[in-house]
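Source file: protein33.txt (compact mmCIF, C-alpha atoms)
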```txt
# COMPACT_ATOMS: atom_id res chain seq x y z
CA THR A 14 -78.93 142.53 -69.99
CA LEU A 15 -75.60 143.31 -68.35
CA LEU A 16 -75.39 140.12 -66.25
CA THR A 17 -77.04 137.41 -68.32
CA PRO A 18 -75.86 133.82 -67.67
CA ASP A 19 -74.44 133.47 -71.19
CA VAL A 20 -72.27 136.58 -70.64
CA VAL A 21 -71.16 135.85 -67.07
CA GLN A 22 -70.52 132.15 -67.84
CA GLY A 23 -70.47 131.09 -64.19
CA ARG A 24 -67.68 133.49 -63.23
CA ARG A 25 -67.72 135.47 -60.00
CA VAL A 26 -68.98 139.02 -60.62
CA ARG A 27 -66.60 141.76 -59.47
CA LEU A 28 -67.96 145.29 -59.19
CA MET A 29 -65.35 147.97 -59.81
CA PHE A 30 -65.51 151.76 -59.94
CA GLN A 31 -63.01 153.58 -62.14
CA ASP A 32 -61.80 157.13 -62.36
CA GLU A 33 -58.80 159.03 -63.61
CA ALA A 34 -56.84 161.72 -61.81
CA ARG A 35 -53.92 163.98 -62.48
CA PHE A 36 -51.16 164.72 -60.03
CA GLY A 37 -48.68 167.47 -60.58
CA ARG A 38 -46.22 169.96 -59.28
CA MET A 39 -48.83 172.43 -58.03
CA VAL A 40 -48.84 172.52 -54.23
CA ARG A 41 -51.98 171.43 -52.42
CA MET A 42 -52.08 173.68 -49.39
CA ARG A 43 -53.26 171.93 -46.22
CA ARG A 44 -53.38 172.87 -42.59
CA CYS A 45 -50.37 171.76 -40.62
CA TRP A 46 -49.15 171.96 -37.08
CA ALA A 47 -46.46 174.29 -35.79
CA PRO A 48 -45.45 175.08 -32.20
CA ALA A 49 -46.84 178.38 -30.85
CA PRO A 50 -46.11 181.18 -31.56
CA GLN A 51 -44.57 180.11 -34.89
CA ARG A 52 -46.58 180.01 -38.09
CA PRO A 53 -45.95 177.23 -40.59
CA VAL A 54 -44.34 178.19 -43.87
CA VAL A 55 -45.07 176.24 -47.03
CA ASN A 56 -43.44 176.99 -50.34
CA ASN A 57 -45.74 177.31 -53.29
CA GLY A 58 -45.33 176.32 -56.90
CA TYR A 59 -47.48 177.01 -59.93
CA GLU A 60 -45.95 174.66 -62.47
CA ARG A 61 -48.64 173.08 -64.59
CA GLU A 62 -47.12 169.70 -65.31
CA PHE A 63 -49.10 166.58 -64.60
CA GLN A 64 -48.85 162.81 -64.38
CA TYR A 65 -52.06 160.88 -64.93
CA VAL A 66 -53.31 157.86 -63.01
CA TYR A 67 -56.08 155.44 -63.87
CA GLY A 68 -57.58 153.79 -60.80
CA ALA A 69 -60.26 151.16 -60.21
CA VAL A 70 -61.49 150.01 -56.83
CA SER A 71 -63.37 146.87 -55.85
CA PRO A 72 -65.11 148.27 -52.74
CA VAL A 73 -66.37 144.95 -51.39
CA GLU A 74 -62.94 143.29 -51.62
CA GLY A 75 -61.02 146.44 -50.70
CA GLU A 76 -58.75 146.02 -53.72
CA VAL A 77 -57.31 148.76 -55.90
CA ASP A 78 -55.79 148.53 -59.39
CA TRP A 79 -53.96 151.49 -60.91
CA ARG A 80 -51.84 152.57 -63.83
CA ILE A 81 -49.58 155.63 -63.96
CA CYS A 82 -49.70 157.11 -67.48
CA PRO A 83 -48.26 160.03 -69.43
CA ALA A 84 -51.73 160.93 -70.78
CA MET A 85 -55.42 160.21 -70.46
CA ASP A 86 -56.69 158.93 -73.77
CA THR A 87 -58.32 155.95 -75.44
CA GLU A 88 -55.04 154.09 -75.85
CA GLN A 89 -54.14 154.39 -72.16
CA MET A 90 -57.71 153.48 -71.16
CA GLY A 91 -57.45 150.32 -73.29
CA LYS A 92 -54.14 149.40 -71.67
CA PHE A 93 -55.62 149.86 -68.21
CA LEU A 94 -58.63 147.70 -69.08
CA ALA A 95 -56.29 144.98 -70.36
CA GLN A 96 -54.18 145.21 -67.18
CA VAL A 97 -57.21 144.82 -64.90
CA SER A 98 -58.69 142.08 -67.08
CA ALA A 99 -55.48 140.07 -66.74
CA ALA A 100 -55.22 140.73 -62.99
CA HIS A 101 -58.75 139.41 -62.44
CA SER A 102 -58.98 136.95 -65.32
CA GLN A 103 -61.23 134.50 -63.44
CA ASP A 104 -63.85 137.20 -62.72
CA PHE A 105 -66.53 138.89 -64.78
CA ILE A 106 -65.99 142.60 -64.13
CA VAL A 107 -68.73 145.20 -64.12
CA ARG A 108 -66.78 148.43 -64.40
CA VAL A 109 -68.61 151.64 -63.45
CA VAL A 110 -67.13 154.61 -65.33
CA ASP A 111 -68.00 158.24 -65.90
CA GLY A 112 -68.75 159.78 -69.29
CA ALA A 113 -65.17 160.63 -70.29
CA SER A 114 -64.60 160.51 -74.03
CA SER A 115 -62.03 157.71 -73.73
CA HIS A 116 -64.67 155.51 -72.04
CA VAL A 117 -67.03 155.65 -75.01
CA ALA A 118 -64.60 155.91 -77.92
CA LYS A 119 -65.29 153.55 -80.80
CA ALA A 120 -61.60 152.64 -80.89
CA LEU A 121 -61.62 151.45 -77.26
CA VAL A 122 -60.92 147.72 -76.94
CA VAL A 123 -62.86 146.27 -74.01
CA PRO A 124 -61.71 142.79 -72.86
CA GLU A 125 -64.22 139.93 -72.95
CA ASN A 126 -64.50 139.70 -69.16
CA ILE A 127 -65.31 143.41 -68.66
CA ARG A 128 -68.51 145.35 -69.23
CA LEU A 129 -68.57 149.11 -68.83
CA HIS A 130 -71.53 150.75 -67.13
CA ARG A 131 -71.79 154.56 -67.18
CA LEU A 132 -72.62 156.69 -64.19
CA PRO A 133 -75.21 159.42 -64.66
CA ALA A 134 -73.72 162.69 -65.92
CA TYR A 135 -72.28 165.02 -63.29
CA ALA A 136 -72.45 162.45 -60.49
CA PRO A 137 -68.89 162.03 -59.14
CA GLU A 138 -70.34 161.60 -55.65
CA LEU A 139 -71.50 158.12 -56.73
CA ASN A 140 -67.94 156.98 -57.49
CA PRO A 141 -65.90 155.78 -54.47
CA GLN A 142 -62.67 155.93 -56.50
CA GLU A 143 -62.94 159.72 -56.20
CA HIS A 144 -62.48 159.32 -52.44
CA LEU A 145 -59.30 157.29 -52.93
CA TRP A 146 -57.83 160.16 -54.95
CA ASP A 147 -58.66 162.46 -52.04
CA GLU A 148 -56.92 160.03 -49.68
CA ILE A 149 -53.76 159.91 -51.82
CA ARG A 150 -53.68 163.70 -52.13
CA GLU A 151 -54.23 164.19 -48.40
CA LYS A 152 -51.71 161.59 -47.20
CA GLU A 153 -48.98 161.74 -49.88
CA PHE A 154 -49.06 165.22 -51.42
CA PRO A 155 -49.97 167.90 -48.83
CA ASN A 156 -47.72 170.97 -48.65
CA ARG A 157 -45.09 169.40 -50.90
CA VAL A 158 -43.22 171.21 -53.63
CA PHE A 159 -41.66 169.02 -56.30
CA SER A 160 -38.65 170.24 -58.26
CA ASP A 161 -39.50 167.92 -61.16
CA MET A 162 -42.09 165.40 -62.34
CA ALA A 163 -39.87 162.50 -61.27
CA GLY A 164 -40.65 163.44 -57.66
CA VAL A 165 -44.38 163.29 -58.37
CA VAL A 166 -44.00 159.87 -59.98
CA ARG A 167 -41.88 158.58 -57.07
CA THR A 168 -44.54 159.76 -54.62
CA LEU A 169 -47.25 157.98 -56.61
CA GLU A 170 -45.14 154.82 -56.92
CA ALA A 171 -44.76 154.75 -53.13
CA GLY A 172 -48.21 155.96 -52.11
CA LEU A 173 -50.44 153.90 -54.41
CA PRO A 174 -49.05 150.51 -53.27
CA ARG A 175 -49.19 151.66 -49.64
CA LEU A 176 -52.89 152.46 -50.00
CA ALA A 177 -53.64 149.30 -52.01
CA SER A 178 -51.95 147.08 -49.43
CA ASP A 179 -54.35 148.23 -46.71
CA ARG A 180 -57.61 146.56 -47.75
CA ASP A 181 -59.37 147.49 -44.51
CA ARG A 182 -58.60 151.15 -45.12
CA VAL A 183 -59.80 150.91 -48.73
CA ARG A 184 -63.03 149.21 -47.59
CA SER A 185 -63.60 151.84 -44.90
CA ILE A 186 -63.36 154.56 -47.56
CA CYS A 187 -65.22 152.84 -50.41
CA ALA A 188 -67.55 150.08 -49.19
CA TRP A 189 -70.60 152.28 -48.96
CA PRO A 190 -73.80 150.60 -47.69
CA TRP A 191 -75.60 150.88 -51.04
CA ILE A 192 -72.65 149.21 -52.81
CA VAL A 193 -72.24 146.39 -50.28
CA SER A 194 -75.98 145.68 -50.38
CA LEU A 195 -76.02 145.08 -54.15
CA ASP A 196 -76.87 141.51 -55.08
CA LEU A 197 -74.68 140.71 -58.08
```
Starting from the file, give its structure as structure tokens.
Amino acid sequence: TLLTPDVVQGRRVRLMFQDEARFGRMVRMRRCWAPAPQRPVVNNGYEREFQYVYGAVSPVEGEVDWRICPAMDTEQMGKFLAQVSAAHSQDFIVRVVDGASSHVAKALVVPENIRLHRLPAYAPELNPQEHLWDEIREKEFPNRVFSDMAGVVRTLEAGLPRLASDRDRVRSICAWPWIVSLDL
């Protein structure tokens, strides 16, 4: 019932996977290189401040949409849905989401060209967007201490477009065989 002709209305179907993540001032310790016999030194920080990011990937196309937000809630989810709907206005979007409360809230406004489809509970391994968060954390945030949240936001504002501009890289991370083989 998700993809009936009267709902799709002849539009191209775009499969997207969505997830949310938080990025903050806490250091993500990673291995790093140092010349022998030196040992690398990484400062550590325990500040619990976060910036939130909504992300949605189209694995087949290798395209990523994102929105940096001050919070994760129904209002921000609605704004992200509207943003993606406008960016892909000619497509009918099947958006795979997890069971977060903002995804099922009665107040959530879902645009006409988007249908939400929930993943099974406790199944983040089925969502390729999770792997893009890992990529951002690994490439943009390792062993970095931020003196304020503005540094976190600047890093996101530089790193997210860099990742999104490399469609081949996005496809190599997210275009899993079972996703590519779907006949939509």
Residue with smallest distance to Ile127 in chain A - pool A:Trp146, A:Phe30, A:Phe36, A:Phe105, counting all atoms listed in the file: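 Ranking A:Trp146, A:Phe30, A:Phe36, A:Phe105 by distance to Ile127 in chain A, first place goes to A:Phe105.
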query: Out of A:Val123, A:Val165, A:Val77, A:Val158, which residue has the shortest atom-to-atom distance to Arg184 in chain A when counting all atoms listed in the file?
result: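 That would be A:Val77, the residue with the smallest distance to Arg184 in chain A.
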task: Record the distance separating CA of Leu16 in chain A and CA of Val70 in chain A, expressed in Å with one decimal.
output: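 Calculated distance between CA of Leu16 in chain A and CA of Val70 in chain A is 19.5 Å.
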- request: Would you be able to write out as a PyMOL selection string which residues have an atom within 10 Å of (-70.9, 137.1, -60.3) in the file's coordinates, counting only C-alpha atoms?
  value: chain A and resi 16+18+21-28+104-107+196-197
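When all atoms listed in the file are used to measure the gap to Leu176 in chain A, the shortest distance among A:Met90, A:His130, A:Ser98, A:Lys152 belongs to A:Lys152.
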- request: Name all residues at most 12 Å from Ser194 in chain A (count only C-alpha atoms; drop same-chain ones fewer than 4 positions away) and give them as a list in words.
  value: Leu28, Pro72, Val73, Ala188, Trp189 and Pro190 of chain A
If we count all atoms listed in the file, what is near Val117 in chain A at a cut-off of 10 Å, once residues fewer than 6 positions away on the same chain are taken out, given as a PDB file with C-alpha atoms, in the frame of the given file?
```
ATOM      1  CA  THR A  87     -58.320 155.950 -75.440  1.00  0.00           C
ATOM      2  CA  VAL A 110     -67.130 154.610 -65.330  1.00  0.00           C
ATOM      3  CA  ASP A 111     -68.000 158.240 -65.900  1.00  0.00           C
ATOM      4  CA  LEU A 129     -68.570 149.110 -68.830  1.00  0.00           C
ATOM      5  CA  ARG A 131     -71.790 154.560 -67.180  1.00  0.00           C
TER       6      ARG A 131
END
```
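What separates CA of Val109 in chain A from CA of Met29 in chain A is a distance of 6.1 Å.
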- request: Mind giving me the straight-line distance from CA of Ser71 in chain A to CA of Ala171 in chain A in Å, one decimal?
  value: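 Calculated distance between CA of Ser71 in chain A and CA of Ala171 in chain A is 20.4 Å.
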field: Residue with smallest distance to Gly164 in chain A - pool A:Gln51, A:Ser178, A:Gln64, A:Ser115, counting only C-alpha atoms
entry: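 Smallest distance to Gly164 in chain A is found for A:Gln64.
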field: 12 Å contact set for Pro83 in chain A, all atoms listed in the file, chain neighbours under 5 positions out, as number ranges by chain
entry: A: 34-37, 62-67, 88-90, 162-163, 166
Since we have the selection now, will you write its residues out, keeping C-alpha atoms, as a PDB file, in the frame of the given file?
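What follows is the written file result-v7.pdb:
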```pdb
ATOM      1  CA  ALA A  34     -56.840 161.720 -61.810  1.00  0.00           C
ATOM      2  CA  ARG A  35     -53.920 163.980 -62.480  1.00  0.00           C
ATOM      3  CA  PHE A  36     -51.160 164.720 -60.030  1.00  0.00           C
ATOM      4  CA  GLY A  37     -48.680 167.470 -60.580  1.00  0.00           C
ATOM      5  CA  GLU A  62     -47.120 169.700 -65.310  1.00  0.00           C
ATOM      6  CA  PHE A  63     -49.100 166.580 -64.600  1.00  0.00           C
ATOM      7  CA  GLN A  64     -48.850 162.810 -64.380  1.00  0.00           C
ATOM      8  CA  TYR A  65     -52.060 160.880 -64.930  1.00  0.00           C
ATOM      9  CA  VAL A  66     -53.310 157.860 -63.010  1.00  0.00           C
ATOM     10  CA  TYR A  67     -56.080 155.440 -63.870  1.00  0.00           C
ATOM     11  CA  GLU A  88     -55.040 154.090 -75.850  1.00  0.00           C
ATOM     12  CA  GLN A  89     -54.140 154.390 -72.160  1.00  0.00           C
ATOM     13  CA  MET A  90     -57.710 153.480 -71.160  1.00  0.00           C
ATOM     14  CA  MET A 162     -42.090 165.400 -62.340  1.00  0.00           C
ATOM     15  CA  ALA A 163     -39.870 162.500 -61.270  1.00  0.00           C
ATOM     16  CA  VAL A 166     -44.000 159.870 -59.980  1.00  0.00           C
TER      17      VAL A 166
END
```
- request: Do a neighbour search on Ser114 in chain A at 10 Å with all atoms listed in the file, toss out local chain neighbours closer than 5 positions, and write the hits as a list in words.
  value: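 The residues that qualify are Met85, Asp86, Thr87 and Lys119 of chain A.
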message: Considering only C-alpha atoms, can you say which of A:Gly91, A:Pro50, A:Gly75, A:Gly172 comes closest to Ala118 in chain A?
response: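 With only C-alpha atoms as the atom set, the closest residue is A:Gly91.
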Protein and nucleic acid residues near (-47.2, 151.4, -64.9) (cut-off 10 Å, all atoms listed in the file) as a VMD selection string: chain A and resid 66 to 67 79 to 83 92 to 93 96 170
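The closest residue to Pro141 in chain A, picked from A:Val183, A:Ala95, A:Arg52, A:Val20 and counting all atoms listed in the file, is A:Val183.
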